[in-house]
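Trainee: Following this line is my_file_36.cif, made up of mmCIF, N, CA and C atoms:
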data_coords
#
loop_
_atom_site.label_atom_id
_atom_site.label_comp_id
_atom_site.auth_asym_id
_atom_site.auth_seq_id
_atom_site.Cartn_x
_atom_site.Cartn_y
_atom_site.Cartn_z
N GLN A 1 -86.98 -120.02 112.33
CA GLN A 1 -87.58 -120.90 113.32
C GLN A 1 -87.40 -122.35 112.89
N VAL A 2 -86.91 -123.17 113.81
CA VAL A 2 -86.71 -124.59 113.54
C VAL A 2 -87.72 -125.38 114.36
N GLN A 3 -88.30 -126.35 113.75
CA GLN A 3 -89.27 -127.19 114.45
C GLN A 3 -88.89 -128.66 114.29
N LEU A 4 -88.96 -129.39 115.38
CA LEU A 4 -88.74 -130.83 115.38
C LEU A 4 -90.04 -131.51 115.78
N VAL A 5 -90.47 -132.44 114.96
CA VAL A 5 -91.71 -133.17 115.24
C VAL A 5 -91.37 -134.64 115.42
N GLU A 6 -91.70 -135.15 116.60
CA GLU A 6 -91.41 -136.54 116.94
C GLU A 6 -92.68 -137.38 116.87
N SER A 7 -92.50 -138.65 116.60
CA SER A 7 -93.63 -139.59 116.62
C SER A 7 -93.10 -140.99 116.87
N GLY A 8 -94.02 -141.89 117.24
CA GLY A 8 -93.66 -143.29 117.35
C GLY A 8 -93.55 -143.83 118.76
N GLY A 9 -93.70 -143.01 119.77
CA GLY A 9 -93.65 -143.53 121.12
C GLY A 9 -94.87 -144.36 121.44
N GLY A 10 -94.87 -144.98 122.62
CA GLY A 10 -96.01 -145.77 123.03
C GLY A 10 -95.63 -146.78 124.09
N SER A 11 -96.50 -147.76 124.26
CA SER A 11 -96.29 -148.80 125.26
C SER A 11 -96.04 -150.13 124.57
N VAL A 12 -95.14 -150.92 125.13
CA VAL A 12 -94.79 -152.21 124.56
C VAL A 12 -94.36 -153.13 125.68
N GLN A 13 -94.52 -154.42 125.46
CA GLN A 13 -94.07 -155.41 126.43
C GLN A 13 -92.56 -155.64 126.30
N PRO A 14 -91.91 -156.11 127.36
CA PRO A 14 -90.49 -156.43 127.26
C PRO A 14 -90.20 -157.38 126.10
N GLY A 15 -89.13 -157.06 125.39
CA GLY A 15 -88.78 -157.82 124.21
C GLY A 15 -89.38 -157.28 122.92
N GLY A 16 -90.26 -156.32 123.04
CA GLY A 16 -90.92 -155.75 121.87
C GLY A 16 -90.08 -154.69 121.19
N SER A 17 -90.66 -154.09 120.15
CA SER A 17 -89.96 -153.10 119.34
C SER A 17 -90.82 -151.87 119.14
N LEU A 18 -90.15 -150.75 118.98
CA LEU A 18 -90.79 -149.49 118.62
C LEU A 18 -89.84 -148.75 117.70
N ARG A 19 -90.42 -147.86 116.88
CA ARG A 19 -89.60 -147.02 116.03
C ARG A 19 -90.00 -145.58 116.24
N LEU A 20 -89.02 -144.76 116.56
CA LEU A 20 -89.24 -143.33 116.75
C LEU A 20 -88.79 -142.58 115.51
N SER A 21 -89.54 -141.53 115.18
CA SER A 21 -89.21 -140.71 114.03
C SER A 21 -89.16 -139.25 114.45
N CYS A 22 -88.25 -138.50 113.84
CA CYS A 22 -88.13 -137.07 114.13
C CYS A 22 -87.85 -136.35 112.82
N SER A 23 -88.69 -135.39 112.49
CA SER A 23 -88.50 -134.61 111.27
C SER A 23 -88.21 -133.17 111.62
N ALA A 24 -87.21 -132.59 110.95
CA ALA A 24 -86.83 -131.20 111.18
C ALA A 24 -87.31 -130.34 110.02
N SER A 25 -87.81 -129.16 110.36
CA SER A 25 -88.24 -128.22 109.33
C SER A 25 -87.94 -126.80 109.79
N GLY A 26 -88.04 -125.88 108.83
CA GLY A 26 -87.79 -124.49 109.15
C GLY A 26 -86.49 -124.00 108.55
N ARG A 27 -85.92 -122.99 109.18
CA ARG A 27 -84.69 -122.39 108.68
C ARG A 27 -83.50 -123.21 109.15
N LEU A 28 -83.21 -124.24 108.38
CA LEU A 28 -82.14 -125.15 108.74
C LEU A 28 -80.83 -124.69 108.11
N PHE A 29 -79.86 -124.40 108.94
CA PHE A 29 -78.56 -124.02 108.45
C PHE A 29 -77.70 -125.26 108.36
N ALA A 30 -76.41 -125.14 108.54
CA ALA A 30 -75.54 -126.30 108.45
C ALA A 30 -75.88 -127.27 109.59
N MET A 31 -76.30 -128.46 109.22
CA MET A 31 -76.70 -129.46 110.21
C MET A 31 -75.51 -130.35 110.50
N TYR A 32 -75.12 -130.41 111.76
CA TYR A 32 -74.00 -131.24 112.14
C TYR A 32 -74.43 -132.67 112.46
N GLY A 33 -75.65 -132.80 112.95
CA GLY A 33 -76.12 -134.13 113.28
C GLY A 33 -77.44 -134.10 114.00
N MET A 34 -78.01 -135.27 114.14
CA MET A 34 -79.26 -135.42 114.89
C MET A 34 -79.11 -136.61 115.81
N GLY A 35 -79.89 -136.59 116.86
CA GLY A 35 -79.77 -137.69 117.81
C GLY A 35 -80.98 -137.83 118.70
N TRP A 36 -80.95 -138.85 119.50
CA TRP A 36 -82.01 -139.14 120.47
C TRP A 36 -81.41 -139.20 121.87
N TYR A 37 -82.11 -138.60 122.79
CA TYR A 37 -81.76 -138.61 124.20
C TYR A 37 -82.99 -139.07 124.96
N ARG A 38 -82.79 -139.50 126.21
CA ARG A 38 -83.94 -139.91 127.01
C ARG A 38 -83.77 -139.45 128.44
N GLN A 39 -84.89 -139.33 129.11
CA GLN A 39 -84.87 -138.83 130.48
C GLN A 39 -85.98 -139.49 131.28
N VAL A 40 -85.63 -139.88 132.50
CA VAL A 40 -86.61 -140.38 133.46
C VAL A 40 -86.69 -139.39 134.61
N PRO A 41 -87.80 -139.33 135.30
CA PRO A 41 -87.94 -138.36 136.40
C PRO A 41 -86.83 -138.49 137.43
N GLY A 42 -86.26 -137.36 137.80
CA GLY A 42 -85.22 -137.34 138.82
C GLY A 42 -83.82 -137.62 138.32
N LYS A 43 -83.70 -137.87 137.01
CA LYS A 43 -82.38 -138.15 136.45
C LYS A 43 -82.07 -137.19 135.32
N GLN A 44 -80.77 -137.08 134.99
CA GLN A 44 -80.37 -136.21 133.90
C GLN A 44 -80.71 -136.86 132.56
N ARG A 45 -80.90 -135.99 131.59
CA ARG A 45 -81.13 -136.48 130.24
C ARG A 45 -79.85 -137.14 129.74
N GLU A 46 -80.00 -138.30 129.09
CA GLU A 46 -78.81 -139.04 128.65
C GLU A 46 -78.87 -139.33 127.16
N LEU A 47 -77.70 -139.44 126.58
CA LEU A 47 -77.58 -139.77 125.17
C LEU A 47 -78.03 -141.20 124.93
N VAL A 48 -78.80 -141.41 123.87
CA VAL A 48 -79.16 -142.75 123.42
C VAL A 48 -78.37 -143.07 122.17
N ALA A 49 -78.49 -142.23 121.15
CA ALA A 49 -77.80 -142.46 119.89
C ALA A 49 -77.75 -141.16 119.10
N VAL A 50 -76.67 -140.98 118.35
CA VAL A 50 -76.54 -139.81 117.47
C VAL A 50 -76.03 -140.27 116.13
N ILE A 51 -76.38 -139.50 115.10
CA ILE A 51 -75.85 -139.73 113.76
C ILE A 51 -75.39 -138.40 113.23
N ARG A 52 -74.13 -138.35 112.79
CA ARG A 52 -73.55 -137.11 112.32
C ARG A 52 -73.79 -136.94 110.83
N ASN A 53 -73.44 -135.76 110.33
CA ASN A 53 -73.71 -135.47 108.94
C ASN A 53 -72.99 -136.43 107.99
N ASN A 54 -71.84 -136.94 108.43
CA ASN A 54 -71.09 -137.86 107.57
C ASN A 54 -71.57 -139.31 107.70
N GLY A 55 -72.61 -139.50 108.51
CA GLY A 55 -73.17 -140.84 108.67
C GLY A 55 -72.63 -141.61 109.85
N ALA A 56 -71.61 -141.08 110.52
CA ALA A 56 -71.05 -141.76 111.68
C ALA A 56 -72.06 -141.79 112.82
N THR A 57 -72.10 -142.90 113.54
CA THR A 57 -73.07 -143.07 114.61
C THR A 57 -72.37 -143.36 115.94
N SER A 58 -73.07 -143.01 117.02
CA SER A 58 -72.61 -143.35 118.36
C SER A 58 -73.81 -143.80 119.17
N TYR A 59 -73.59 -144.75 120.06
CA TYR A 59 -74.67 -145.30 120.88
C TYR A 59 -74.24 -145.37 122.35
N ALA A 60 -75.21 -145.23 123.22
CA ALA A 60 -74.97 -145.52 124.62
C ALA A 60 -74.70 -147.02 124.75
N ASP A 61 -73.83 -147.38 125.68
CA ASP A 61 -73.49 -148.79 125.84
C ASP A 61 -74.74 -149.63 126.13
N SER A 62 -75.68 -149.06 126.83
CA SER A 62 -76.86 -149.80 127.25
C SER A 62 -77.79 -150.18 126.09
N VAL A 63 -77.62 -149.54 124.93
CA VAL A 63 -78.52 -149.82 123.80
C VAL A 63 -77.79 -150.43 122.61
N LYS A 64 -76.48 -150.55 122.69
CA LYS A 64 -75.73 -151.12 121.57
C LYS A 64 -76.22 -152.53 121.25
N GLY A 65 -76.39 -152.78 119.97
CA GLY A 65 -76.86 -154.08 119.54
C GLY A 65 -78.37 -154.22 119.56
N ARG A 66 -79.08 -153.27 120.17
CA ARG A 66 -80.54 -153.34 120.22
C ARG A 66 -81.20 -152.18 119.46
N PHE A 67 -80.57 -151.04 119.48
CA PHE A 67 -81.12 -149.85 118.83
C PHE A 67 -80.31 -149.53 117.58
N ASN A 68 -80.99 -148.95 116.60
CA ASN A 68 -80.31 -148.52 115.38
C ASN A 68 -80.83 -147.14 114.97
N ILE A 69 -79.90 -146.21 114.74
CA ILE A 69 -80.27 -144.88 114.30
C ILE A 69 -79.92 -144.72 112.83
N SER A 70 -80.82 -144.08 112.10
CA SER A 70 -80.59 -143.83 110.68
C SER A 70 -81.21 -142.50 110.30
N LYS A 71 -80.84 -141.99 109.14
CA LYS A 71 -81.39 -140.70 108.73
C LYS A 71 -81.83 -140.73 107.28
N ASN A 72 -82.77 -139.85 106.99
CA ASN A 72 -83.22 -139.63 105.63
C ASN A 72 -82.86 -138.18 105.30
N LYS A 73 -81.80 -138.00 104.55
CA LYS A 73 -81.30 -136.65 104.32
C LYS A 73 -82.24 -135.82 103.46
N TYR A 74 -83.11 -136.47 102.72
CA TYR A 74 -83.99 -135.75 101.81
C TYR A 74 -85.10 -135.01 102.54
N ASN A 75 -85.50 -135.52 103.69
CA ASN A 75 -86.53 -134.82 104.44
C ASN A 75 -86.05 -134.47 105.84
N ASN A 76 -84.74 -134.44 106.04
CA ASN A 76 -84.17 -134.06 107.33
C ASN A 76 -84.81 -134.82 108.49
N ALA A 77 -84.92 -136.11 108.34
CA ALA A 77 -85.54 -136.94 109.36
C ALA A 77 -84.54 -137.94 109.91
N VAL A 78 -84.75 -138.30 111.16
CA VAL A 78 -83.93 -139.33 111.79
C VAL A 78 -84.86 -140.36 112.42
N LEU A 79 -84.49 -141.63 112.28
CA LEU A 79 -85.28 -142.73 112.82
C LEU A 79 -84.47 -143.45 113.89
N LEU A 80 -85.16 -143.93 114.91
CA LEU A 80 -84.53 -144.76 115.93
C LEU A 80 -85.33 -146.06 116.03
N GLN A 81 -84.76 -147.13 115.53
CA GLN A 81 -85.39 -148.45 115.64
C GLN A 81 -84.94 -149.08 116.95
N MET A 82 -85.90 -149.38 117.80
CA MET A 82 -85.59 -149.92 119.12
C MET A 82 -86.12 -151.34 119.22
N ASN A 83 -85.22 -152.30 119.37
CA ASN A 83 -85.59 -153.71 119.48
C ASN A 83 -85.22 -154.24 120.85
N SER A 84 -85.79 -155.38 121.18
CA SER A 84 -85.50 -156.03 122.48
C SER A 84 -85.62 -155.04 123.63
N LEU A 85 -86.71 -154.30 123.63
CA LEU A 85 -86.91 -153.28 124.66
C LEU A 85 -87.07 -153.91 126.03
N GLN A 86 -86.52 -153.21 127.01
CA GLN A 86 -86.55 -153.66 128.40
C GLN A 86 -87.19 -152.58 129.27
N PRO A 87 -87.68 -152.94 130.45
CA PRO A 87 -88.30 -151.94 131.33
C PRO A 87 -87.40 -150.74 131.61
N GLU A 88 -86.09 -150.96 131.65
CA GLU A 88 -85.18 -149.84 131.93
C GLU A 88 -85.05 -148.87 130.76
N ASP A 89 -85.64 -149.21 129.63
CA ASP A 89 -85.68 -148.29 128.49
C ASP A 89 -86.84 -147.30 128.62
N THR A 90 -87.69 -147.50 129.61
CA THR A 90 -88.81 -146.59 129.81
C THR A 90 -88.32 -145.19 130.12
N ALA A 91 -88.79 -144.21 129.35
CA ALA A 91 -88.34 -142.83 129.50
C ALA A 91 -89.10 -141.95 128.52
N VAL A 92 -88.90 -140.66 128.65
CA VAL A 92 -89.32 -139.74 127.61
C VAL A 92 -88.12 -139.57 126.68
N TYR A 93 -88.36 -139.79 125.41
CA TYR A 93 -87.30 -139.71 124.41
C TYR A 93 -87.41 -138.38 123.67
N TYR A 94 -86.26 -137.71 123.56
CA TYR A 94 -86.20 -136.39 122.92
C TYR A 94 -85.29 -136.45 121.70
N CYS A 95 -85.73 -135.81 120.65
CA CYS A 95 -84.92 -135.64 119.45
C CYS A 95 -84.12 -134.35 119.59
N LYS A 96 -82.88 -134.36 119.13
CA LYS A 96 -82.03 -133.18 119.17
C LYS A 96 -81.38 -132.97 117.81
N LEU A 97 -81.41 -131.72 117.38
CA LEU A 97 -80.75 -131.32 116.14
C LEU A 97 -79.63 -130.36 116.48
N THR A 98 -78.44 -130.64 115.99
CA THR A 98 -77.28 -129.77 116.20
C THR A 98 -76.92 -129.10 114.88
N THR A 99 -76.89 -127.78 114.89
CA THR A 99 -76.50 -127.02 113.70
C THR A 99 -75.35 -126.09 114.07
N ASN A 100 -74.89 -125.34 113.07
CA ASN A 100 -73.82 -124.39 113.34
C ASN A 100 -74.33 -123.16 114.07
N VAL A 101 -75.63 -123.05 114.21
CA VAL A 101 -76.24 -121.89 114.88
C VAL A 101 -76.59 -122.24 116.33
N SER A 102 -77.25 -123.39 116.51
CA SER A 102 -77.74 -123.72 117.85
C SER A 102 -78.12 -125.19 117.91
N ASP A 103 -78.50 -125.62 119.10
CA ASP A 103 -79.10 -126.94 119.28
C ASP A 103 -80.61 -126.75 119.43
N TYR A 104 -81.36 -127.70 118.91
CA TYR A 104 -82.81 -127.65 118.98
C TYR A 104 -83.32 -128.99 119.52
N TRP A 105 -84.39 -128.90 120.31
CA TRP A 105 -84.97 -130.10 120.92
C TRP A 105 -86.43 -130.27 120.51
N GLY A 106 -86.84 -131.53 120.39
CA GLY A 106 -88.24 -131.83 120.19
C GLY A 106 -88.99 -131.80 121.51
N GLN A 107 -90.29 -132.05 121.43
CA GLN A 107 -91.13 -131.94 122.60
C GLN A 107 -91.08 -133.19 123.48
N GLY A 108 -90.54 -134.27 122.95
CA GLY A 108 -90.44 -135.51 123.70
C GLY A 108 -91.60 -136.45 123.42
N THR A 109 -91.30 -137.73 123.44
CA THR A 109 -92.32 -138.76 123.25
C THR A 109 -92.09 -139.87 124.27
N GLN A 110 -93.16 -140.31 124.90
CA GLN A 110 -93.06 -141.30 125.98
C GLN A 110 -92.91 -142.70 125.41
N VAL A 111 -91.95 -143.43 125.97
CA VAL A 111 -91.79 -144.86 125.67
C VAL A 111 -91.92 -145.61 126.99
N THR A 112 -92.86 -146.53 127.05
CA THR A 112 -93.09 -147.31 128.26
C THR A 112 -92.96 -148.79 127.93
N VAL A 113 -92.09 -149.48 128.67
CA VAL A 113 -91.88 -150.91 128.47
C VAL A 113 -92.31 -151.61 129.76
N SER A 114 -93.39 -152.36 129.67
CA SER A 114 -93.95 -152.97 130.87
C SER A 114 -94.76 -154.19 130.49
N SER A 115 -94.74 -155.18 131.38
CA SER A 115 -95.57 -156.36 131.17
C SER A 115 -96.92 -156.20 131.85
#
How does this structure look as C-alpha cells?
Mentor:
Amino acid sequence: QVQLVESGGGSVQPGGSLRLSCSASGRLFAMYGMGWYRQVPGKQRELVAVIRNNGATSYADSVKGRFNISKNKYNNAVLLQMNSLQPEDTAVYYCKLTTNVSDYWGQGTQVTVSS
C-alpha cells in the first residue's frame, strides 16, 4: 500500500507565495518521479511540474519562472514552491507518484488566490 500525504495549501492574495509538500510512504518500488498536477471544476487535470529520479524537471509554461519543484530523496518527499501567485493558479493541487508498478495520487489540497 502506497500513501501520499499532501500539505501546504491555503488562501493567499495575488503576488503571494505558498509551498506545497507531498510525502510518500508504504511499499515503494522503483520510483520514476513525482509531480504536481492541478484541476479546476469542469476542466481536465493538468500538469504543473514534475521531477524525475535523475533530478530533471519539467514545468507547465504558465508556471515557469514562478514555481520551483524539488525533492528530498531521504524521506521520499517533493516540494512545490509557488511564488507570484495569480488568481488563475486557483485549483485543487494533486501530488502524483510514478513507479514501475503504478501511478499513485494524493487526496488533493486547495489553493485559492484571491484579493
Trainee: Distance table requested - stretch 50-84 of chain A against stretch 93-101 of chain A, cut-off 12 Å, only C-alpha atoms: one row per qualifying residue with the closest atom pair and its distance in Å to one decimal, ordered by chain and rising residue number, as CSV.
Mentor:
residue,atom,partner,partner_atom,distance
A:Val50,CA,A:Lys96,CA,8.8
A:Ile51,CA,A:Leu97,CA,10.0
A:Arg52,CA,A:Thr98,CA,9.1
A:Asn53,CA,A:Thr98,CA,9.9
A:Ile69,CA,A:Cys95,CA,11.6
A:Lys71,CA,A:Leu97,CA,12.0
A:Asn76,CA,A:Leu97,CA,9.8
A:Ala77,CA,A:Leu97,CA,10.0
A:Val78,CA,A:Cys95,CA,8.6
A:Leu79,CA,A:Cys95,CA,9.7
A:Leu80,CA,A:Cys95,CA,9.8
A:Met82,CA,A:Tyr93,CA,11.6
Trainee: Evaluate the PyMOL selection byres ((chain A and resi 115) around 8) and record the selected residues as a list of chain:residue names, following the chain and residue labels used in the document.
Mentor: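 Expected selection for the PyMOL selection byres ((chain A and resi 115) around 8) here is A:Val12, A:Gln13, A:Pro14, A:Pro87, A:Thr112, A:Val113, A:Ser114.
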Trainee: In Å, rounded to a single decimal, give me how far atom N of A:Gly15 is from atom C of A:Leu47.
Mentor: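 If I compute the distance from atom C of A:Leu47 to atom N of A:Gly15, I get 19.4 Å.
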Trainee: Which residues come within 7 Å of A:Val111, counting only C-alpha atoms, excluding same-chain residues fewer than 2 positions away, as a count of residues only?
Mentor: 9
Trainee: Show me, as a VMD selection string, the residues that have an atom within 7 Å of A:Gln81 when counting only N, CA and C atoms, minus same-chain residues fewer than 3 positions from it.
Mentor: chain A and resid 17 to 20 66 to 70
Trainee: Nearest residue to A:Gln1 out of A:Phe29, A:Ser62, A:Ala56, A:Gly35, using only C-alpha atoms?
Mentor: A:Phe29
Trainee: Translate the PyMOL selection byres (((chain A and resi 84 and name CA) around 6) and name CA) into a concrete residue list for this structure, as a list in words.
Mentor: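 Against this file, the PyMOL selection byres (((chain A and resi 84 and name CA) around 6) and name CA) returns the residues Gly15, Gly16, Asn83 and Leu85 of chain A.
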Trainee: Running DSSP on the backbone, which parts of chain A land in strand (DSSP E or B), as a ChimeraX atom specification?
Mentor: /A:2-7,10-12,18-26,31-39,46-52,57-59,67-72,77-82,91-99,103-105,109-113
Trainee: Kindly give the distance, in Å, that separates atom CA of A:Val63 and atom N of A:Ala30, rounded to a single decimal.
Mentor: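 Between atom CA of A:Val63 and atom N of A:Ala30 the gap works out to 29.1 Å.
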Trainee: Nearest to A:Val2: which of A:Gly55, A:Gly42, A:Gly33, A:Gly26 is it, counting all atoms listed in the file?
Mentor: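 Closest to A:Val2, using all atoms listed in the file: A:Gly26.
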